file protein37.pdb (PDB, C-alpha atoms, pLDDT in the B column)
ATOM      1  CA  MET A1030     -22.294  46.981 -44.104  1.00 67.00           C
ATOM      2  CA  LEU A1031     -20.668  45.063 -46.949  1.00 69.00           C
ATOM      3  CA  LEU A1032     -17.267  43.394 -46.887  1.00 69.00           C
ATOM      4  CA  VAL A1033     -14.802  44.571 -49.519  1.00 69.00           C
ATOM      5  CA  LEU A1034     -12.795  41.568 -50.697  1.00 71.00           C
ATOM      6  CA  SER A1035      -9.412  42.071 -52.328  1.00 73.00           C
ATOM      7  CA  GLU A1036      -8.416  40.230 -55.499  1.00 76.00           C
ATOM      8  CA  GLY A1037      -6.200  37.993 -53.368  1.00 76.00           C
ATOM      9  CA  HIS A1038      -9.096  36.979 -51.112  1.00 74.00           C
ATOM     10  CA  LYS A1039     -11.292  36.347 -54.151  1.00 76.00           C
ATOM     11  CA  GLU A1040      -8.646  34.033 -55.609  1.00 77.00           C
ATOM     12  CA  HIS A1041      -8.343  32.139 -52.326  1.00 77.00           C
ATOM     13  CA  LEU A1042     -12.103  31.710 -52.008  1.00 77.00           C
ATOM     14  CA  ALA A1043     -12.392  30.560 -55.640  1.00 78.00           C
ATOM     15  CA  PHE A1044     -10.948  27.216 -54.480  1.00 74.00           C
ATOM     16  CA  LEU A1045     -14.272  26.483 -52.750  1.00 74.00           C
ATOM     17  CA  THR A1046     -15.931  26.027 -56.144  1.00 73.00           C
ATOM     18  CA  LYS A1047     -13.593  23.108 -56.887  1.00 70.00           C
ATOM     19  CA  VAL A1048     -14.538  20.959 -53.895  1.00 67.00           C
ATOM     20  CA  ASP A1049     -17.649  19.144 -52.711  1.00 71.00           C
ATOM     21  CA  THR A1050     -20.079  21.046 -50.492  1.00 71.00           C
ATOM     22  CA  SER A1051     -19.282  18.720 -47.572  1.00 72.00           C
ATOM     23  CA  VAL A1052     -15.633  19.794 -47.834  1.00 74.00           C
ATOM     24  CA  VAL A1053     -16.664  23.449 -47.465  1.00 76.00           C
ATOM     25  CA  ALA A1054     -18.352  22.569 -44.159  1.00 75.00           C
ATOM     26  CA  GLU A1055     -15.179  20.732 -43.087  1.00 75.00           C
ATOM     27  CA  PHE A1056     -13.152  23.840 -43.909  1.00 76.00           C
ATOM     28  CA  GLY A1057     -15.470  25.769 -41.566  1.00 77.00           C
ATOM     29  CA  ARG A1058     -14.560  23.349 -38.749  1.00 77.00           C
ATOM     30  CA  ILE A1059     -10.850  23.784 -39.556  1.00 79.00           C
ATOM     31  CA  VAL A1060     -11.245  27.560 -39.381  1.00 78.00           C
ATOM     32  CA  LEU A1061     -12.606  27.316 -35.823  1.00 79.00           C
ATOM     33  CA  GLN A1062      -9.836  24.916 -34.835  1.00 77.00           C
ATOM     34  CA  PHE A1063      -7.149  27.208 -36.237  1.00 79.00           C
ATOM     35  CA  LEU A1064      -8.615  30.241 -34.464  1.00 77.00           C
ATOM     36  CA  ARG A1065      -8.514  28.365 -31.164  1.00 75.00           C
ATOM     37  CA  LYS A1066      -5.140  26.637 -31.469  1.00 74.00           C
ATOM     38  CA  GLY A1067      -3.321  28.167 -34.419  1.00 72.00           C
ATOM     39  CA  SER A1068      -2.698  26.737 -37.875  1.00 70.00           C
ATOM     40  CA  SER A1069      -1.204  23.290 -38.409  1.00 72.00           C
ATOM     41  CA  PRO A1070       0.684  22.191 -41.548  1.00 76.00           C
ATOM     42  CA  LYS A1071      -0.318  18.580 -40.843  1.00 80.00           C
ATOM     43  CA  ILE A1072      -4.009  19.400 -41.252  1.00 78.00           C
ATOM     44  CA  TYR A1073      -3.303  21.125 -44.580  1.00 78.00           C
ATOM     45  CA  GLU A1074      -1.302  18.125 -45.746  1.00 82.00           C
ATOM     46  CA  GLY A1075      -3.992  15.634 -44.702  1.00 79.00           C
ATOM     47  CA  ALA A1076      -6.742  17.595 -46.459  1.00 75.00           C
ATOM     48  CA  ALA A1077      -4.581  17.970 -49.582  1.00 77.00           C
ATOM     49  CA  ARG A1078      -4.033  14.192 -49.775  1.00 81.00           C
ATOM     50  CA  LYS A1079      -7.766  13.507 -49.492  1.00 77.00           C
ATOM     51  CA  LEU A1080      -8.601  16.071 -52.184  1.00 73.00           C
ATOM     52  CA  CYS A1081      -5.608  15.219 -54.408  1.00 77.00           C
ATOM     53  CA  VAL A1082      -4.637  18.885 -54.729  1.00 74.00           C
ATOM     54  CA  PRO A1083      -1.509  20.855 -53.743  1.00 79.00           C
ATOM     55  CA  VAL A1084      -1.149  21.811 -50.074  1.00 81.00           C
ATOM     56  CA  GLU A1085      -0.879  25.492 -51.034  1.00 80.00           C
ATOM     57  CA  MET A1086      -4.325  25.355 -52.651  1.00 77.00           C
ATOM     58  CA  VAL A1087      -5.922  23.949 -49.500  1.00 76.00           C
ATOM     59  CA  GLN A1088      -4.136  26.522 -47.362  1.00 80.00           C
ATOM     60  CA  CYS A1089      -5.378  29.372 -49.558  1.00 80.00           C
ATOM     61  CA  GLY A1090      -8.946  28.049 -49.424  1.00 78.00           C
ATOM     62  CA  VAL A1091      -8.967  27.751 -45.628  1.00 80.00           C
ATOM     63  CA  GLU A1092      -7.323  31.154 -45.146  1.00 81.00           C
ATOM     64  CA  GLY A1093      -9.788  32.773 -47.546  1.00 82.00           C
ATOM     65  CA  LEU A1094     -12.723  31.252 -45.659  1.00 81.00           C
ATOM     66  CA  MET A1095     -11.145  32.291 -42.346  1.00 83.00           C
ATOM     67  CA  PHE A1096     -10.954  35.904 -43.505  1.00 84.00           C
ATOM     68  CA  LEU A1097     -14.574  35.839 -44.680  1.00 83.00           C
ATOM     69  CA  MET A1098     -15.854  34.325 -41.412  1.00 83.00           C
ATOM     70  CA  THR A1099     -13.777  36.451 -39.032  1.00 84.00           C
ATOM     71  CA  GLU A1100     -14.448  39.769 -40.763  1.00 83.00           C
ATOM     72  CA  SER A1101     -18.178  39.035 -41.047  1.00 85.00           C
ATOM     73  CA  SER A1102     -18.343  38.034 -37.373  1.00 84.00           C
ATOM     74  CA  LYS A1103     -16.218  40.972 -36.247  1.00 81.00           C
ATOM     75  CA  HIS A1104     -18.578  43.471 -37.887  1.00 81.00           C
ATOM     76  CA  MET A1105     -21.732  41.456 -37.071  1.00 84.00           C
ATOM     77  CA  ILE A1106     -23.041  41.886 -40.604  1.00 83.00           C
ATOM     78  CA  SER A1107     -26.601  40.839 -41.363  1.00 85.00           C
ATOM     79  CA  GLU A1108     -27.666  37.870 -43.508  1.00 85.00           C
ATOM     80  CA  VAL A1109     -28.540  40.198 -46.394  1.00 85.00           C
ATOM     81  CA  ASP A1110     -25.194  42.004 -46.201  1.00 83.00           C
ATOM     82  CA  PHE A1111     -23.330  38.697 -46.037  1.00 83.00           C
ATOM     83  CA  LEU A1112     -25.027  37.398 -49.185  1.00 83.00           C
ATOM     84  CA  ASP A1113     -24.447  40.717 -50.942  1.00 81.00           C
ATOM     85  CA  SER A1114     -20.760  40.555 -49.944  1.00 79.00           C
ATOM     86  CA  VAL A1115     -20.209  37.072 -51.420  1.00 78.00           C
ATOM     87  CA  LEU A1116     -22.261  37.885 -54.523  1.00 78.00           C
ATOM     88  CA  VAL A1117     -19.173  39.427 -56.115  1.00 74.00           C
ATOM     89  CA  LEU A1118     -17.454  36.012 -55.948  1.00 76.00           C
ATOM     90  CA  GLY A1119     -19.798  34.574 -58.577  1.00 79.00           C
ATOM     91  CA  PHE A1120     -20.681  31.444 -56.574  1.00 80.00           C
ATOM     92  CA  ASP A1121     -23.905  29.558 -57.260  1.00 81.00           C
ATOM     93  CA  ASP A1122     -26.841  29.892 -54.858  1.00 85.00           C
ATOM     94  CA  GLU A1123     -26.114  26.554 -53.162  1.00 83.00           C
ATOM     95  CA  LEU A1124     -22.564  27.532 -52.193  1.00 82.00           C
ATOM     96  CA  ASN A1125     -23.690  31.000 -51.091  1.00 84.00           C
ATOM     97  CA  GLN A1126     -26.278  29.413 -48.789  1.00 88.00           C
ATOM     98  CA  ILE A1127     -23.696  26.985 -47.363  1.00 84.00           C
ATOM     99  CA  LEU A1128     -21.370  29.890 -46.582  1.00 84.00           C
ATOM    100  CA  LEU A1129     -24.260  31.802 -44.995  1.00 87.00           C
ATOM    101  CA  GLN A1130     -25.156  28.824 -42.793  1.00 85.00           C
ATOM    102  CA  LEU A1131     -21.495  28.477 -41.747  1.00 83.00           C
ATOM    103  CA  TYR A1132     -21.468  32.146 -40.778  1.00 83.00           C
ATOM    104  CA  LEU A1133     -24.746  31.971 -38.842  1.00 85.00           C
ATOM    105  CA  GLN A1134     -23.713  28.745 -37.120  1.00 82.00           C
ATOM    106  CA  HIS A1135     -20.263  29.854 -36.010  1.00 80.00           C
ATOM    107  CA  ASN A1136     -20.301  33.668 -35.751  1.00 81.00           C
ATOM    108  CA  ASN A1137     -20.940  33.723 -31.978  1.00 83.00           C
ATOM    109  CA  GLN A1138     -18.081  31.272 -31.360  1.00 80.00           C
ATOM    110  CA  ILE A1139     -15.783  33.246 -33.651  1.00 81.00           C
ATOM    111  CA  ARG A1140     -16.623  36.519 -31.889  1.00 81.00           C
ATOM    112  CA  SER A1141     -15.918  34.869 -28.543  1.00 81.00           C
ATOM    113  CA  ILE A1142     -12.544  33.581 -29.765  1.00 76.00           C
ATOM    114  CA  LEU A1143     -11.595  36.940 -31.284  1.00 75.00           C
ATOM    115  CA  SER A1144     -12.444  38.763 -28.053  1.00 73.00           C
ATOM    116  CA  GLN A1145      -9.862  36.634 -26.235  1.00 69.00           C
ATOM    117  CA  LEU A1146      -7.058  37.235 -28.729  1.00 64.00           C
ATOM    118  CA  PRO A1147      -4.467  39.913 -27.876  1.00 61.00           C
ATOM    119  CA  SER A1148      -4.793  43.081 -29.921  1.00 61.00           C
ATOM    120  CA  ASN A1149      -2.488  46.038 -30.473  1.00 64.00           C
ATOM    121  CA  LEU A1150      -5.469  48.331 -30.903  1.00 68.00           C
ATOM    122  CA  PRO A1151      -7.022  50.038 -27.861  1.00 75.00           C
ATOM    123  CA  ALA A1152     -10.532  48.865 -26.989  1.00 75.00           C
ATOM    124  CA  PHE A1153     -13.373  50.626 -25.206  1.00 79.00           C
ATOM    125  CA  HIS A1154     -13.552  49.900 -21.466  1.00 81.00           C
ATOM    126  CA  ASN A1155     -15.635  52.615 -19.852  1.00 89.00           C
ATOM    127  CA  LEU A1156     -16.891  56.156 -20.342  1.00 90.00           C
ATOM    128  CA  GLU A1157     -17.599  59.014 -17.957  1.00 93.00           C
ATOM    129  CA  TRP A1158     -19.139  62.326 -18.933  1.00 91.00           C
ATOM    130  CA  ARG A1159     -19.908  65.670 -17.368  1.00 92.00           C
ATOM    131  CA  LEU A1160     -21.897  68.676 -18.574  1.00 89.00           C
ATOM    132  CA  ASP A1161     -20.580  72.081 -17.463  1.00 89.00           C
ATOM    133  CA  VAL A1162     -22.535  75.271 -18.058  1.00 87.00           C
ATOM    134  CA  GLN A1163     -20.930  78.687 -17.728  1.00 81.00           C
ATOM    135  CA  LEU A1164     -23.628  81.149 -16.644  1.00 80.00           C
ATOM    136  CA  ALA A1165     -21.602  84.307 -16.306  1.00 77.00           C
ATOM    137  CA  SER A1166     -18.142  85.825 -16.639  1.00 74.00           C
ATOM    138  CA  ARG A1167     -16.468  89.070 -15.584  1.00 75.00           C
ATOM    139  CA  SER A1168     -17.375  90.747 -18.854  1.00 75.00           C
ATOM    140  CA  VAL A1169     -20.777  89.120 -19.457  1.00 76.00           C
ATOM    141  CA  HIS A1170     -23.043  88.706 -16.443  1.00 74.00           C
ATOM    142  CA  GLN A1171     -25.719  86.623 -18.150  1.00 76.00           C
ATOM    143  CA  GLN A1172     -24.801  83.877 -20.582  1.00 74.00           C
ATOM    144  CA  VAL A1173     -25.241  80.147 -21.155  1.00 76.00           C
ATOM    145  CA  ILE A1174     -22.222  78.290 -22.535  1.00 83.00           C
ATOM    146  CA  PRO A1175     -22.600  74.497 -22.183  1.00 89.00           C
ATOM    147  CA  MET A1176     -19.569  72.229 -22.563  1.00 90.00           C
ATOM    148  CA  LEU A1177     -19.560  68.437 -22.554  1.00 91.00           C
ATOM    149  CA  THR A1178     -16.465  66.679 -21.162  1.00 93.00           C
ATOM    150  CA  ILE A1179     -15.998  62.992 -21.979  1.00 92.00           C
ATOM    151  CA  HIS A1180     -13.464  60.795 -20.171  1.00 93.00           C
ATOM    152  CA  LEU A1181     -12.855  57.716 -22.314  1.00 90.00           C
ATOM    153  CA  HIS A1182     -11.168  54.702 -20.681  1.00 89.00           C
ATOM    154  CA  LEU A1183      -9.332  52.299 -23.022  1.00 86.00           C
ATOM    155  CA  THR A1184      -7.584  48.956 -22.618  1.00 79.00           C
ATOM    156  CA  ARG A1185      -4.936  47.307 -24.752  1.00 72.00           C
ATOM    157  CA  GLY A1186      -4.496  43.545 -24.340  1.00 60.00           C
ATOM    158  CA  CYS A1187      -6.545  40.977 -22.420  1.00 54.00           C
ATOM    159  CA  GLY A1188      -7.466  40.464 -18.807  1.00 50.00           C
ATOM    160  CA  SER A1189      -5.978  42.187 -15.782  1.00 49.00           C
ATOM    161  CA  HIS A1190      -2.546  42.357 -17.445  1.00 54.00           C
ATOM    162  CA  GLY A1191      -3.768  44.671 -20.201  1.00 59.00           C
ATOM    163  CA  ASP A1192      -2.520  48.245 -20.451  1.00 75.00           C
ATOM    164  CA  HIS A1193      -4.984  50.939 -19.451  1.00 80.00           C
ATOM    165  CA  SER A1194      -5.121  54.437 -20.874  1.00 85.00           C
ATOM    166  CA  SER A1195      -7.599  57.266 -21.069  1.00 88.00           C
ATOM    167  CA  ARG A1196      -8.498  60.221 -23.258  1.00 89.00           C
ATOM    168  CA  VAL A1197     -10.347  63.397 -22.312  1.00 92.00           C
ATOM    169  CA  LEU A1198     -12.478  64.978 -25.021  1.00 90.00           C
ATOM    170  CA  GLN A1199     -14.440  68.225 -24.920  1.00 91.00           C
ATOM    171  CA  THR A1200     -17.131  69.549 -27.214  1.00 91.00           C
ATOM    172  CA  ASP A1201     -20.212  71.718 -27.143  1.00 89.00           C
ATOM    173  CA  PRO A1202     -23.630  70.025 -27.511  1.00 88.00           C
ATOM    174  CA  SER A1203     -24.346  71.513 -30.961  1.00 89.00           C
ATOM    175  CA  THR A1204     -21.096  70.095 -32.398  1.00 90.00           C
ATOM    176  CA  LEU A1205     -21.837  66.703 -30.824  1.00 88.00           C
ATOM    177  CA  LEU A1206     -25.356  66.669 -32.293  1.00 90.00           C
ATOM    178  CA  HIS A1207     -23.951  67.609 -35.712  1.00 91.00           C
ATOM    179  CA  LEU A1208     -21.417  64.770 -35.462  1.00 89.00           C
ATOM    180  CA  ILE A1209     -24.149  62.264 -34.526  1.00 90.00           C
ATOM    181  CA  SER A1210     -26.347  63.480 -37.385  1.00 91.00           C
ATOM    182  CA  THR A1211     -23.479  63.197 -39.898  1.00 91.00           C
ATOM    183  CA  LEU A1212     -22.665  59.648 -38.769  1.00 88.00           C
ATOM    184  CA  ASP A1213     -26.352  58.642 -38.986  1.00 87.00           C
ATOM    185  CA  VAL A1214     -26.496  59.942 -42.561  1.00 87.00           C
ATOM    186  CA  ALA A1215     -23.279  58.073 -43.441  1.00 83.00           C
ATOM    187  CA  LEU A1216     -24.644  54.799 -41.997  1.00 79.00           C
ATOM    188  CA  ALA A1217     -27.933  55.229 -43.858  1.00 79.00           C
ATOM    189  CA  THR A1218     -26.037  55.908 -47.106  1.00 78.00           C
ATOM    190  CA  MET A1219     -23.960  52.749 -46.651  1.00 71.00           C
ATOM    191  CA  LYS A1220     -27.168  50.716 -46.458  1.00 70.00           C
ATOM    192  CA  SER A1221     -28.642  52.172 -49.661  1.00 71.00           C
ATOM    193  CA  SER A1222     -28.936  50.041 -52.792  1.00 68.00           C
ATOM    194  CA  HIS A1223     -26.718  52.498 -54.704  1.00 66.00           C
ATOM    195  CA  SER A1224     -23.875  52.067 -52.189  1.00 66.00           C
ATOM    196  CA  ARG A1225     -24.270  48.283 -52.311  1.00 62.00           C
ATOM    197  CA  ARG A1226     -23.862  48.321 -56.101  1.00 63.00           C
ATOM    198  CA  LEU A1227     -20.744  50.499 -55.843  1.00 62.00           C
ATOM    199  CA  LEU A1228     -19.153  48.294 -53.150  1.00 60.00           C
ATOM    200  CA  ARG A1229     -19.764  45.137 -55.201  1.00 58.00           C
ATOM    201  CA  ASN A1230     -17.727  46.635 -58.033  1.00 57.00           C
ATOM    202  CA  ILE A1231     -14.827  47.943 -55.937  1.00 52.00           C
ATOM    203  CA  LYS A1232     -11.658  45.986 -56.660  1.00 42.00           C
TER     204      LYS A1232
END
call {"tool": "encode", "arguments": {"input": "protein37.pdb", "output": "structure tokens"}}
result
Amino acid sequence: MLLVLSEGHKEHLAFLTKVDTSVVAEFGRIVLQFLRKGSSPKIYEGAARKLCVPVEMVQCGVEGLMFLMTESSKHMISEVDFLDSVLVLGFDDELNQILLQLYLQHNNQIRSILSQLPSNLPAFHNLEWRLDVQLASRSVHQQVIPMLTIHLHLTRGCGSHGDHSSRVLQTDPSTLLHLISTLDVALATMKSSHSRRLLRNIK
């Protein structure tokens, strides 16, 4: 999977080319701190004074890096996909490798932090399933009609105070197999070199 970066994110990340490589690593530390405790104007102001640049520029750089790190960690993208995603930014190999190392070093911590943040989207909690087979009816004495029933349990929010909900889905095995096959083909297509080239050029 490749990340699709908007023009705004590209502009924010372009700031990284204007600072020393050690500053990029420092921005990675700030990203983790902000994810844990929230953003702080004082940190932006301190970094801006050291770099002799406007506060807004530092803020854009950190927020751009935060988006790159959190989205990459959220989707658990591979090293190859990460490098292909940042290729569109036009950075040199050294900066690309620094960003990759930041991602590999911090992605587990970022995923852990994100899992503890409240979310408005329902998340998977548990799943129960049952296979029913109708063998006969009043009009047809011999038949086989399988039906799969799925009970999906969802949570919204964190911990024991989260809201719980559930959904019941029904399908026949042939439709389910077709759905699985279609999704497998879609995933394989996304990993193809042709799809990678297209995604790099999406604006």
call {"tool": "atom_distance", "arguments": {"input": "protein37.pdb", "atom1": "atom CA of Glu1040 of chain A", "atom2": "atom CA of Val1109 of chain A"}}
result
22.8 Å
call {"tool": "atom_distance", "arguments": {"input": "protein37.pdb", "atom1": "atom CA of Asp1161 of chain A", "atom2": "atom CA of His1182 of chain A"}}
result
20.0 Å
call {"tool": "closest_residue", "arguments": {"input": "protein37.pdb", "among": "A:Met1176, A:Ala1217, A:Leu1064, A:Leu1080", "to": "Arg1140 of chain A", "atoms": "only C-alpha atoms"}}
result
A:Leu1064
call {"tool": "residues_around", "arguments": {"input": "protein37.pdb", "residues": "Ser1068 of chain A", "least_positions_apart": "6", "cutoff": "9 Å", "atoms": "all atoms listed in the file", "output": "PyMOL selection string"}}
result
chain A and resi 1059-1060+1062
call {"tool": "write_last_selection", "arguments": {"input": "protein37.pdb", "atoms": "C-alpha atoms", "output": "tab-separated table (two decimals), in the frame of the given file"}}
result
chain	number	residue	atom	x	y	z
A	1059	ILE	CA	-10.85	23.78	-39.56
A	1060	VAL	CA	-11.24	27.56	-39.38
A	1062	GLN	CA	-9.84	24.92	-34.84
call {"tool": "closest_residue", "arguments": {"input": "protein37.pdb", "among": "A:Leu1206, A:Leu1183, A:Leu1131, A:Met1098", "to": "His1154 of chain A", "atoms": "all atoms listed in the file"}}
result
A:Leu1183
call {"tool": "atom_distance", "arguments": {"input": "protein37.pdb", "atom1": "atom CA of His1104 of chain A", "atom2": "atom CA of Leu1208 of chain A"}}
result
21.6 Å
call {"tool": "closest_residue", "arguments": {"input": "protein37.pdb", "among": "A:Ala1043, A:Gln1088, A:Leu1124, A:Asn1136", "to": "Ser1107 of chain A", "atoms": "only C-alpha atoms"}}
result
A:Asn1136
call {"tool": "closest_residue", "arguments": {"input": "protein37.pdb", "among": "A:Phe1056, A:Phe1063, A:Trp1158, A:Tyr1132", "to": "Val1091 of chain A", "atoms": "only C-alpha atoms"}}
result
A:Phe1056
call {"tool": "closest_residue", "arguments": {"input": "protein37.pdb", "among": "A:Gly1037, A:Thr1046, A:Ala1215, A:Met1095", "to": "Glu1123 of chain A", "atoms": "all atoms listed in the file"}}
result
A:Thr1046
call {"tool": "decode", "arguments": {"input": "protein37.pdb", "residues": "segment 1102-1133 of chain A", "atoms": "N, CA and C atoms", "output": "short mmCIF file (atom, residue, chain, number, x, y, z; two decimals), in the first residue's frame"}}
result
data_model
loop_
_atom_site.label_atom_id
_atom_site.label_comp_id
_atom_site.auth_asym_id
_atom_site.auth_seq_id
_atom_site.Cartn_x
_atom_site.Cartn_y
_atom_site.Cartn_z
N SER A 1102 2.29 4.28 10.06
CA SER A 1102 2.18 3.34 11.18
C SER A 1102 0.78 2.73 11.25
N LYS A 1103 -0.23 3.56 11.00
CA LYS A 1103 -1.61 3.09 11.07
C LYS A 1103 -1.86 1.96 10.08
N HIS A 1104 -1.29 2.10 8.87
CA HIS A 1104 -1.51 1.10 7.83
C HIS A 1104 -0.40 0.05 7.77
N MET A 1105 0.58 0.17 8.67
CA MET A 1105 1.68 -0.80 8.77
C MET A 1105 2.32 -1.06 7.40
N ILE A 1106 2.64 0.01 6.69
CA ILE A 1106 3.19 -0.16 5.35
C ILE A 1106 4.63 -0.67 5.44
N SER A 1107 5.04 -1.37 4.42
CA SER A 1107 6.37 -1.98 4.40
C SER A 1107 7.44 -0.93 4.10
N GLU A 1108 8.71 -1.33 4.26
CA GLU A 1108 9.82 -0.41 3.96
C GLU A 1108 9.77 0.04 2.51
N VAL A 1109 9.51 -0.91 1.61
CA VAL A 1109 9.48 -0.59 0.17
C VAL A 1109 8.36 0.39 -0.13
N ASP A 1110 7.17 0.14 0.45
CA ASP A 1110 6.04 1.04 0.21
C ASP A 1110 6.28 2.42 0.81
N PHE A 1111 6.96 2.46 1.95
CA PHE A 1111 7.26 3.76 2.56
C PHE A 1111 8.17 4.58 1.64
N LEU A 1112 9.24 3.94 1.16
CA LEU A 1112 10.17 4.66 0.27
C LEU A 1112 9.49 5.07 -1.03
N ASP A 1113 8.61 4.21 -1.55
CA ASP A 1113 7.88 4.57 -2.76
C ASP A 1113 6.93 5.73 -2.50
N SER A 1114 6.37 5.80 -1.28
CA SER A 1114 5.44 6.88 -0.95
C SER A 1114 6.13 8.23 -0.86
N VAL A 1115 7.36 8.25 -0.30
CA VAL A 1115 8.07 9.53 -0.16
C VAL A 1115 8.85 9.90 -1.42
N LEU A 1116 8.91 8.96 -2.37
CA LEU A 1116 9.64 9.24 -3.62
C LEU A 1116 9.06 10.44 -4.35
N VAL A 1117 7.74 10.60 -4.26
CA VAL A 1117 7.06 11.69 -4.95
C VAL A 1117 7.47 13.06 -4.40
N LEU A 1118 8.05 13.09 -3.19
CA LEU A 1118 8.45 14.35 -2.58
C LEU A 1118 9.73 14.92 -3.18
N GLY A 1119 10.49 14.08 -3.89
CA GLY A 1119 11.71 14.56 -4.53
C GLY A 1119 12.87 14.76 -3.60
N PHE A 1120 12.85 14.11 -2.42
CA PHE A 1120 13.97 14.22 -1.47
C PHE A 1120 15.16 13.41 -1.98
N ASP A 1121 16.37 13.78 -1.48
CA ASP A 1121 17.54 12.97 -1.84
C ASP A 1121 17.53 11.67 -1.03
N ASP A 1122 18.40 10.74 -1.43
CA ASP A 1122 18.41 9.41 -0.80
C ASP A 1122 18.71 9.48 0.69
N GLU A 1123 19.57 10.42 1.11
CA GLU A 1123 19.92 10.52 2.52
C GLU A 1123 18.70 10.86 3.36
N LEU A 1124 17.92 11.85 2.93
CA LEU A 1124 16.74 12.25 3.68
C LEU A 1124 15.69 11.15 3.66
N ASN A 1125 15.52 10.48 2.52
CA ASN A 1125 14.57 9.37 2.45
C ASN A 1125 14.93 8.28 3.46
N GLN A 1126 16.23 7.98 3.58
CA GLN A 1126 16.67 6.94 4.51
C GLN A 1126 16.48 7.38 5.96
N ILE A 1127 16.67 8.67 6.24
CA ILE A 1127 16.44 9.18 7.60
C ILE A 1127 14.97 9.05 7.96
N LEU A 1128 14.09 9.40 7.03
CA LEU A 1128 12.66 9.27 7.28
C LEU A 1128 12.27 7.81 7.48
N LEU A 1129 12.87 6.92 6.68
CA LEU A 1129 12.58 5.49 6.82
C LEU A 1129 13.01 4.99 8.20
N GLN A 1130 14.20 5.40 8.65
CA GLN A 1130 14.68 4.97 9.96
C GLN A 1130 13.80 5.51 11.09
N LEU A 1131 13.31 6.76 10.93
CA LEU A 1131 12.38 7.32 11.91
C LEU A 1131 11.11 6.46 11.98
N TYR A 1132 10.61 6.09 10.82
CA TYR A 1132 9.40 5.27 10.76
C TYR A 1132 9.62 3.91 11.41
N LEU A 1133 10.71 3.24 11.05
CA LEU A 1133 10.99 1.91 11.60
C LEU A 1133 11.25 1.97 13.10
#
